[in-house]
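One structure below.
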Amino acid sequence: MPTPYRKAENPPPPLSLPPAADLLERLERTLQEQFAMPMLSPFSVIVEGTMDRDYIIRAADLESEETGVDLLNVPGDPPSEVSIVTPASGACCNRGGAPRCVALAGVLYPYASLLECFNGLLFVLDHDDEGRKAERDISAIGFEKGKHVITLDPAYHRSIESDVITIENLLSLRIQNEYFRDHQAWCCVEYRGGSVWRYDWHNKSKPSLREYVLSHATGEDVVEVRRLLRRIRRLMGLPVDEENV
């Protein structure tokens with residue numbers, strides 16, 4: 001029979017945590033030093049890289065221009081907005097992709113779960129092998145799959161017939177065809193029935209593709225990115241204008 005625990009004659013003092021303000025300062029310093037990121041806002045979306053961030057922000061801008069709906073707005077007094085951020089590898093400017101999102105999740109979880117620092121915190125990952133693995137790893141840390149960590153799941157982008165979806169696949173074929181026609185592009189092109197079905201863009205072409213899309217895209221070219229933004233808003237409990245889905 002196991003020996004029962006005995007009360008210590010000289011018990012240690014109760015564990016005391018530093019003030020919340022000190023902990024938040026520590027988090028801000030960690031984000032800057034380890035991830036080259038600013039302090040997160042109460043509503044923050046964490047994506048794999050700058051491409052994801054820039055396409056999402058541009059889609060929100062086009063939505064606002066065309067419909068007057070601000071998909072990054074957070075109602076309040078005063079109003080604020082959803083931040084779209086991406087972790088770097090150390091203090092350098094290179095963004096770290098899905099593995100750095102996992103590392104960041106490990107840092108953020110105590111603040112999100114114990115201090116409840118965030119009203120809305122969401123990791124958005126590519127729907128590929130690496131992104132799905134990161135989704136599982138972040139879920140294992142404690143963030144809830146489908147609520148705090150998601151991938152670009154084809155179930156939410158039914159116009160894209162593929163088991164693998166990256167942020168570039170959410171762009172219209174029209175603008176990808178246009179870029180491919182007019183630029184020296186590094187990519188793999190898949191055809192179905194004699195027509196282009198899908199582009200798999202190599203890293204060498206992604207920066208110039210982004211610049212082209214940011215300059216030339218219309219709202220129709222980022223319909224799926226706008227759909228992603230509405231999914232984000234629902235998960236964060238923010239109002240969504242369903243008419244424009």
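Going by the structure tokens order, chains are called A, B, ..., each with residues numbered from 1, while ligands are numbered from 1 in the order shown.
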
Neighbour list for stretch 40-55 of chain A as a PyMOL selection string, cut-off 7 Å, only C-alpha atoms, skip fewer than 3 positions in-chain: chain A and resi 58-59+82-86+95-98+101+117-125+167+210

Nearest residue to A:Phe35 from the set A:Pro239, A:Pro154, A:Gly142, A:Pro99 (distances using only C-alpha atoms):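 Answer, going by the shortest atom-to-atom distance: A:Pro99.
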
Between atom CA of A:Ala105 and atom CA of A:Leu24 - distance in Å to one decimal: 15.6 Å

Which of A:Trp186, A:Asp241, A:Glu81, A:Lys145 sits closest to A:Gly68 [using only C-alpha atoms]: A:Asp241

All residues 9 Å or closer to A:Arg231, only C-alpha atoms, same chain fewer than 5 positions away omitted, as a PyMOL selection string: chain A and resi 156+226+236+240

Contacts of A:Asp221 within 9 Å, only C-alpha atoms, excl. fewer than 2 positions in-chain, as a list in words: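 Listed by chain and then number, they are Ala59, Leu170, Leu171, Ser172, Leu173, Arg174, Ile175, Val213, Ala217, Thr218, Gly219, Val223, Glu224 and Val225 of chain A.
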
Residues from the last selection, C-alpha atoms, saved as a tab-separated table (two decimals), in the first residue's frame:
chain	number	residue	atom	x	y	z
A	59	ALA	CA	-8.31	40.85	-50.48
A	170	LEU	CA	-6.86	30.74	-53.77
A	171	LEU	CA	-6.11	33.22	-56.57
A	172	SER	CA	-8.21	33.10	-59.71
A	173	LEU	CA	-6.85	31.17	-62.69
A	174	ARG	CA	-7.42	34.32	-64.73
A	175	ILE	CA	-4.75	36.34	-62.97
A	213	VAL	CA	-1.38	40.31	-58.05
A	217	ALA	CA	-6.04	41.91	-59.04
A	218	THR	CA	-9.72	42.71	-58.93
A	219	GLY	CA	-12.15	41.50	-56.31
A	223	VAL	CA	-12.94	35.57	-54.11
A	224	GLU	CA	-11.54	32.55	-52.28
A	225	VAL	CA	-9.29	34.72	-50.10

Polymer residues at most 12 Å from A:Gln184, only C-alpha atoms, same-chain spacing of 6 or more positions, as number ranges by chain: A: 178, 201-202, 204-206, 208-209

Restricting it to N, CA and C atoms, dump the selection as a tab-separated table (two decimals), in the first residue's frame.
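And here's result.tsv as it stands now:
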chain	number	residue	atom	x	y	z
A	178	GLU	N	-2.59	35.17	-66.62
A	178	GLU	CA	-2.08	36.45	-67.11
A	178	GLU	C	-0.62	36.64	-66.72
A	201	TRP	N	3.42	27.03	-57.99
A	201	TRP	CA	4.44	28.06	-58.14
A	201	TRP	C	5.68	27.74	-57.32
A	202	HIS	N	6.86	27.87	-57.97
A	202	HIS	CA	8.11	27.67	-57.27
A	202	HIS	C	8.47	28.95	-56.51
A	204	LYS	N	10.96	30.74	-56.52
A	204	LYS	CA	11.65	31.77	-57.32
A	204	LYS	C	10.66	32.75	-57.94
A	205	SER	N	9.46	32.30	-58.25
A	205	SER	CA	8.47	33.16	-58.91
A	205	SER	C	7.47	33.79	-57.94
A	206	LYS	N	7.38	33.28	-56.72
A	206	LYS	CA	6.34	33.74	-55.81
A	206	LYS	C	6.40	35.24	-55.50
A	208	SER	N	7.48	37.79	-57.36
A	208	SER	CA	7.02	38.62	-58.48
A	208	SER	C	5.54	38.36	-58.78
A	209	LEU	N	5.08	37.13	-58.56
A	209	LEU	CA	3.65	36.85	-58.69
A	209	LEU	C	2.87	37.70	-57.68

What parts of stretch 57-245 of chain A does DSSP call alpha helix (DSSP H)? I'd like the answer as a short mmCIF file (atom, residue, chain, number, x, y, z; two decimals) with N, CA and C atoms, in the first residue's frame.
data_model
loop_
_atom_site.label_atom_id
_atom_site.label_comp_id
_atom_site.auth_asym_id
_atom_site.auth_seq_id
_atom_site.Cartn_x
_atom_site.Cartn_y
_atom_site.Cartn_z
N ILE A 57 -4.47 40.72 -46.79
CA ILE A 57 -4.71 42.15 -46.60
C ILE A 57 -5.22 42.78 -47.90
N ARG A 58 -4.66 42.38 -49.04
CA ARG A 58 -5.13 42.94 -50.32
C ARG A 58 -6.57 42.53 -50.60
N ALA A 59 -6.92 41.29 -50.28
CA ALA A 59 -8.31 40.85 -50.48
C ALA A 59 -9.26 41.68 -49.62
N ALA A 60 -8.85 41.97 -48.39
CA ALA A 60 -9.69 42.80 -47.52
C ALA A 60 -9.84 44.21 -48.10
N ASP A 61 -8.76 44.76 -48.65
CA ASP A 61 -8.82 46.09 -49.26
C ASP A 61 -9.77 46.10 -50.45
N LEU A 62 -9.70 45.08 -51.30
CA LEU A 62 -10.56 45.02 -52.48
C LEU A 62 -12.02 44.85 -52.08
N GLU A 63 -12.27 44.06 -51.05
CA GLU A 63 -13.64 43.91 -50.55
C GLU A 63 -14.18 45.26 -50.08
N SER A 64 -13.35 45.99 -49.35
CA SER A 64 -13.78 47.30 -48.83
C SER A 64 -14.06 48.27 -49.97
N GLU A 65 -13.20 48.25 -51.00
CA GLU A 65 -13.37 49.16 -52.13
C GLU A 65 -14.64 48.83 -52.91
N GLU A 66 -14.95 47.56 -53.06
CA GLU A 66 -16.07 47.15 -53.92
C GLU A 66 -17.41 47.12 -53.20
N THR A 67 -17.40 46.77 -51.91
CA THR A 67 -18.67 46.58 -51.21
C THR A 67 -18.83 47.48 -50.00
N GLY A 97 7.65 29.81 -42.10
CA GLY A 97 6.72 28.78 -42.54
C GLY A 97 6.05 28.07 -41.38
N ALA A 98 5.49 26.90 -41.68
CA ALA A 98 4.71 26.16 -40.69
C ALA A 98 5.49 25.79 -39.44
N PRO A 99 6.76 25.35 -39.53
CA PRO A 99 7.49 25.00 -38.31
C PRO A 99 7.62 26.17 -37.33
N ARG A 100 7.78 27.38 -37.83
CA ARG A 100 7.89 28.53 -36.93
C ARG A 100 6.54 28.85 -36.30
N CYS A 101 5.47 28.56 -37.02
CA CYS A 101 4.14 28.73 -36.42
C CYS A 101 3.98 27.80 -35.23
N VAL A 102 4.50 26.58 -35.35
CA VAL A 102 4.43 25.63 -34.24
C VAL A 102 5.24 26.15 -33.05
N ALA A 103 6.45 26.64 -33.33
CA ALA A 103 7.28 27.18 -32.25
C ALA A 103 6.59 28.36 -31.57
N LEU A 104 5.97 29.21 -32.36
CA LEU A 104 5.26 30.36 -31.81
C LEU A 104 4.07 29.91 -30.96
N ALA A 105 3.38 28.88 -31.41
CA ALA A 105 2.23 28.37 -30.64
C ALA A 105 2.67 27.93 -29.25
N GLY A 106 3.86 27.31 -29.17
CA GLY A 106 4.36 26.89 -27.88
C GLY A 106 4.60 28.04 -26.93
N VAL A 107 5.04 29.17 -27.49
CA VAL A 107 5.27 30.37 -26.68
C VAL A 107 3.94 31.00 -26.25
N LEU A 108 2.98 31.03 -27.16
CA LEU A 108 1.73 31.77 -26.92
C LEU A 108 0.73 31.03 -26.04
N TYR A 109 0.81 29.70 -26.02
CA TYR A 109 -0.26 28.96 -25.36
C TYR A 109 -0.49 29.35 -23.90
N PRO A 110 0.55 29.50 -23.07
CA PRO A 110 0.29 29.90 -21.67
C PRO A 110 -0.40 31.26 -21.57
N TYR A 111 -0.04 32.17 -22.46
CA TYR A 111 -0.66 33.50 -22.42
C TYR A 111 -2.12 33.43 -22.86
N ALA A 112 -2.39 32.57 -23.85
CA ALA A 112 -3.76 32.46 -24.36
C ALA A 112 -4.66 31.70 -23.40
N SER A 113 -4.12 30.66 -22.76
CA SER A 113 -4.96 29.79 -21.93
C SER A 113 -5.06 30.26 -20.49
N ASP A 129 1.11 18.74 -46.79
CA ASP A 129 1.64 17.83 -45.77
C ASP A 129 2.23 18.60 -44.59
N GLU A 130 3.02 19.62 -44.88
CA GLU A 130 3.66 20.38 -43.81
C GLU A 130 2.64 21.15 -42.98
N GLY A 131 1.66 21.75 -43.67
CA GLY A 131 0.63 22.51 -42.96
C GLY A 131 -0.25 21.62 -42.09
N ARG A 132 -0.61 20.45 -42.60
CA ARG A 132 -1.44 19.54 -41.80
C ARG A 132 -0.67 18.99 -40.60
N LYS A 133 0.63 18.73 -40.78
CA LYS A 133 1.44 18.30 -39.64
C LYS A 133 1.51 19.40 -38.59
N ALA A 134 1.71 20.64 -39.04
CA ALA A 134 1.76 21.76 -38.10
C ALA A 134 0.43 21.92 -37.37
N GLU A 135 -0.67 21.70 -38.09
CA GLU A 135 -1.98 21.77 -37.45
C GLU A 135 -2.09 20.76 -36.32
N ARG A 136 -1.62 19.54 -36.57
CA ARG A 136 -1.65 18.50 -35.53
C ARG A 136 -0.75 18.88 -34.36
N ASP A 137 0.43 19.41 -34.66
CA ASP A 137 1.38 19.78 -33.61
C ASP A 137 0.85 20.93 -32.75
N ILE A 138 0.24 21.91 -33.39
CA ILE A 138 -0.32 23.04 -32.63
C ILE A 138 -1.50 22.59 -31.80
N SER A 139 -2.28 21.67 -32.35
CA SER A 139 -3.39 21.12 -31.58
C SER A 139 -2.88 20.35 -30.36
N ALA A 140 -1.76 19.62 -30.52
CA ALA A 140 -1.19 18.87 -29.41
C ALA A 140 -0.68 19.80 -28.30
N ILE A 141 -0.28 21.00 -28.66
CA ILE A 141 0.16 21.98 -27.66
C ILE A 141 -1.01 22.40 -26.78
N LEU A 173 -7.67 31.63 -61.57
CA LEU A 173 -6.85 31.17 -62.69
C LEU A 173 -6.62 32.30 -63.69
N ARG A 174 -7.57 33.22 -63.78
CA ARG A 174 -7.42 34.32 -64.73
C ARG A 174 -6.14 35.10 -64.47
N ILE A 175 -5.92 35.51 -63.23
CA ILE A 175 -4.75 36.34 -62.97
C ILE A 175 -3.47 35.51 -62.97
N GLN A 176 -3.57 34.23 -62.60
CA GLN A 176 -2.38 33.39 -62.70
C GLN A 176 -2.01 33.14 -64.16
N ASN A 177 -3.01 32.93 -65.02
CA ASN A 177 -2.74 32.78 -66.46
C ASN A 177 -2.09 34.03 -67.03
N GLU A 178 -2.59 35.17 -66.62
CA GLU A 178 -2.08 36.45 -67.11
C GLU A 178 -0.62 36.64 -66.72
N TYR A 179 -0.31 36.35 -65.48
CA TYR A 179 1.07 36.47 -65.01
C TYR A 179 1.96 35.48 -65.75
N PHE A 180 1.51 34.24 -65.90
CA PHE A 180 2.28 33.20 -66.57
C PHE A 180 2.58 33.58 -68.02
N ARG A 181 1.61 34.21 -68.67
CA ARG A 181 1.75 34.59 -70.08
C ARG A 181 2.79 35.70 -70.27
N ASP A 182 2.85 36.63 -69.33
CA ASP A 182 3.65 37.84 -69.52
C ASP A 182 4.97 37.86 -68.77
N LYS A 206 7.38 33.28 -56.72
CA LYS A 206 6.34 33.74 -55.81
C LYS A 206 6.40 35.24 -55.50
N PRO A 207 7.60 35.81 -55.28
CA PRO A 207 7.62 37.26 -54.98
C PRO A 207 7.10 38.12 -56.13
N SER A 208 7.48 37.79 -57.36
CA SER A 208 7.02 38.62 -58.48
C SER A 208 5.54 38.36 -58.78
N LEU A 209 5.08 37.13 -58.56
CA LEU A 209 3.65 36.85 -58.69
C LEU A 209 2.87 37.70 -57.68
N ARG A 210 3.36 37.75 -56.47
CA ARG A 210 2.68 38.57 -55.45
C ARG A 210 2.61 40.03 -55.90
N GLU A 211 3.72 40.59 -56.36
CA GLU A 211 3.71 42.00 -56.77
C GLU A 211 2.73 42.23 -57.91
N TYR A 212 2.65 41.26 -58.83
CA TYR A 212 1.71 41.41 -59.95
C TYR A 212 0.27 41.37 -59.45
N VAL A 213 -0.02 40.44 -58.57
CA VAL A 213 -1.38 40.31 -58.05
C VAL A 213 -1.77 41.54 -57.24
N LEU A 214 -0.88 42.02 -56.39
CA LEU A 214 -1.19 43.19 -55.58
C LEU A 214 -1.49 44.41 -56.44
N SER A 215 -0.86 44.47 -57.61
CA SER A 215 -1.05 45.63 -58.50
C SER A 215 -2.22 45.48 -59.46
N HIS A 216 -2.56 44.24 -59.85
CA HIS A 216 -3.51 44.05 -60.93
C HIS A 216 -4.79 43.31 -60.56
N VAL A 223 -11.68 36.02 -54.72
CA VAL A 223 -12.94 35.57 -54.11
C VAL A 223 -12.68 34.55 -53.02
N GLU A 224 -11.79 33.60 -53.27
CA GLU A 224 -11.54 32.55 -52.28
C GLU A 224 -10.79 33.10 -51.06
N VAL A 225 -9.97 34.09 -51.25
CA VAL A 225 -9.29 34.72 -50.10
C VAL A 225 -10.32 35.49 -49.27
N ARG A 226 -11.26 36.12 -49.94
CA ARG A 226 -12.34 36.81 -49.21
C ARG A 226 -13.19 35.80 -48.45
N ARG A 227 -13.40 34.63 -49.04
CA ARG A 227 -14.14 33.58 -48.33
C ARG A 227 -13.37 33.13 -47.09
N LEU A 228 -12.04 33.03 -47.21
CA LEU A 228 -11.20 32.70 -46.06
C LEU A 228 -11.34 33.74 -44.97
N LEU A 229 -11.37 35.01 -45.33
CA LEU A 229 -11.52 36.08 -44.33
C LEU A 229 -12.84 35.95 -43.58
N ARG A 230 -13.89 35.58 -44.26
CA ARG A 230 -15.18 35.40 -43.58
C ARG A 230 -15.15 34.20 -42.65
N ARG A 231 -14.46 33.17 -43.05
CA ARG A 231 -14.29 32.02 -42.16
C ARG A 231 -13.53 32.44 -40.91
N ILE A 232 -12.49 33.23 -41.07
CA ILE A 232 -11.72 33.73 -39.93
C ILE A 232 -12.61 34.53 -38.99
N ARG A 233 -13.42 35.41 -39.55
CA ARG A 233 -14.29 36.25 -38.72
C ARG A 233 -15.27 35.39 -37.91
N ARG A 234 -15.85 34.37 -38.55
CA ARG A 234 -16.79 33.51 -37.83
C ARG A 234 -16.10 32.83 -36.65
N LEU A 235 -14.89 32.32 -36.88
CA LEU A 235 -14.19 31.61 -35.82
C LEU A 235 -13.81 32.55 -34.68
#

Strand (DSSP E) positions in stretch 9-236 of chain A, given as JSON, numbers by chain: {"A": [43, 44, 45, 46, 47, 73, 74, 80, 81, 83, 84, 85, 120, 121, 122, 123, 124, 125, 149, 150, 151, 187, 188, 189, 190, 191, 192, 195, 196, 197, 198, 199, 200, 201]}

Take the residues from that selection and put them in a file with C-alpha atoms, as a PDB file, in the first residue's frame.
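So the final result, stored in selection32.pdb, reads:
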ATOM      1  CA  PHE A  43      -7.510  39.722 -32.497  1.00  0.00           C
ATOM      2  CA  SER A  44      -4.566  38.213 -34.403  1.00  0.00           C
ATOM      3  CA  VAL A  45      -4.236  35.808 -37.323  1.00  0.00           C
ATOM      4  CA  ILE A  46      -0.889  34.029 -37.636  1.00  0.00           C
ATOM      5  CA  VAL A  47       0.065  32.834 -41.127  1.00  0.00           C
ATOM      6  CA  ASN A  73     -12.683  45.568 -38.682  1.00  0.00           C
ATOM      7  CA  VAL A  74     -13.249  44.790 -35.017  1.00  0.00           C
ATOM      8  CA  SER A  80      -9.776  48.245 -33.989  1.00  0.00           C
ATOM      9  CA  GLU A  81      -8.766  45.658 -36.550  1.00  0.00           C
ATOM     10  CA  SER A  83      -3.869  41.855 -37.286  1.00  0.00           C
ATOM     11  CA  ILE A  84      -2.340  39.499 -39.867  1.00  0.00           C
ATOM     12  CA  VAL A  85       1.164  38.510 -38.745  1.00  0.00           C
ATOM     13  CA  GLY A 120      -9.325  35.975 -31.023  1.00  0.00           C
ATOM     14  CA  LEU A 121      -6.164  34.061 -31.917  1.00  0.00           C
ATOM     15  CA  LEU A 122      -6.031  31.878 -35.015  1.00  0.00           C
ATOM     16  CA  PHE A 123      -3.282  30.015 -36.888  1.00  0.00           C
ATOM     17  CA  VAL A 124      -3.993  29.659 -40.631  1.00  0.00           C
ATOM     18  CA  LEU A 125      -1.847  27.113 -42.478  1.00  0.00           C
ATOM     19  CA  VAL A 149      -5.820  26.444 -35.832  1.00  0.00           C
ATOM     20  CA  ILE A 150      -7.061  25.702 -39.351  1.00  0.00           C
ATOM     21  CA  THR A 151      -5.739  24.868 -42.794  1.00  0.00           C
ATOM     22  CA  CYS A 187       6.186  26.701 -61.899  1.00  0.00           C
ATOM     23  CA  CYS A 188       4.567  23.393 -62.742  1.00  0.00           C
ATOM     24  CA  VAL A 189       1.354  23.582 -64.760  1.00  0.00           C
ATOM     25  CA  GLU A 190      -1.303  20.885 -64.660  1.00  0.00           C
ATOM     26  CA  TYR A 191      -3.847  20.543 -67.465  1.00  0.00           C
ATOM     27  CA  ARG A 192      -7.250  18.914 -67.645  1.00  0.00           C
ATOM     28  CA  SER A 195      -7.010  23.630 -70.275  1.00  0.00           C
ATOM     29  CA  VAL A 196      -4.899  24.856 -67.389  1.00  0.00           C
ATOM     30  CA  TRP A 197      -6.256  23.385 -64.171  1.00  0.00           C
ATOM     31  CA  ARG A 198      -3.637  24.315 -61.582  1.00  0.00           C
ATOM     32  CA  TYR A 199      -0.314  26.101 -61.091  1.00  0.00           C
ATOM     33  CA  ASP A 200       2.278  24.977 -58.563  1.00  0.00           C
ATOM     34  CA  TRP A 201       4.439  28.060 -58.142  1.00  0.00           C
TER      35      TRP A 201
END
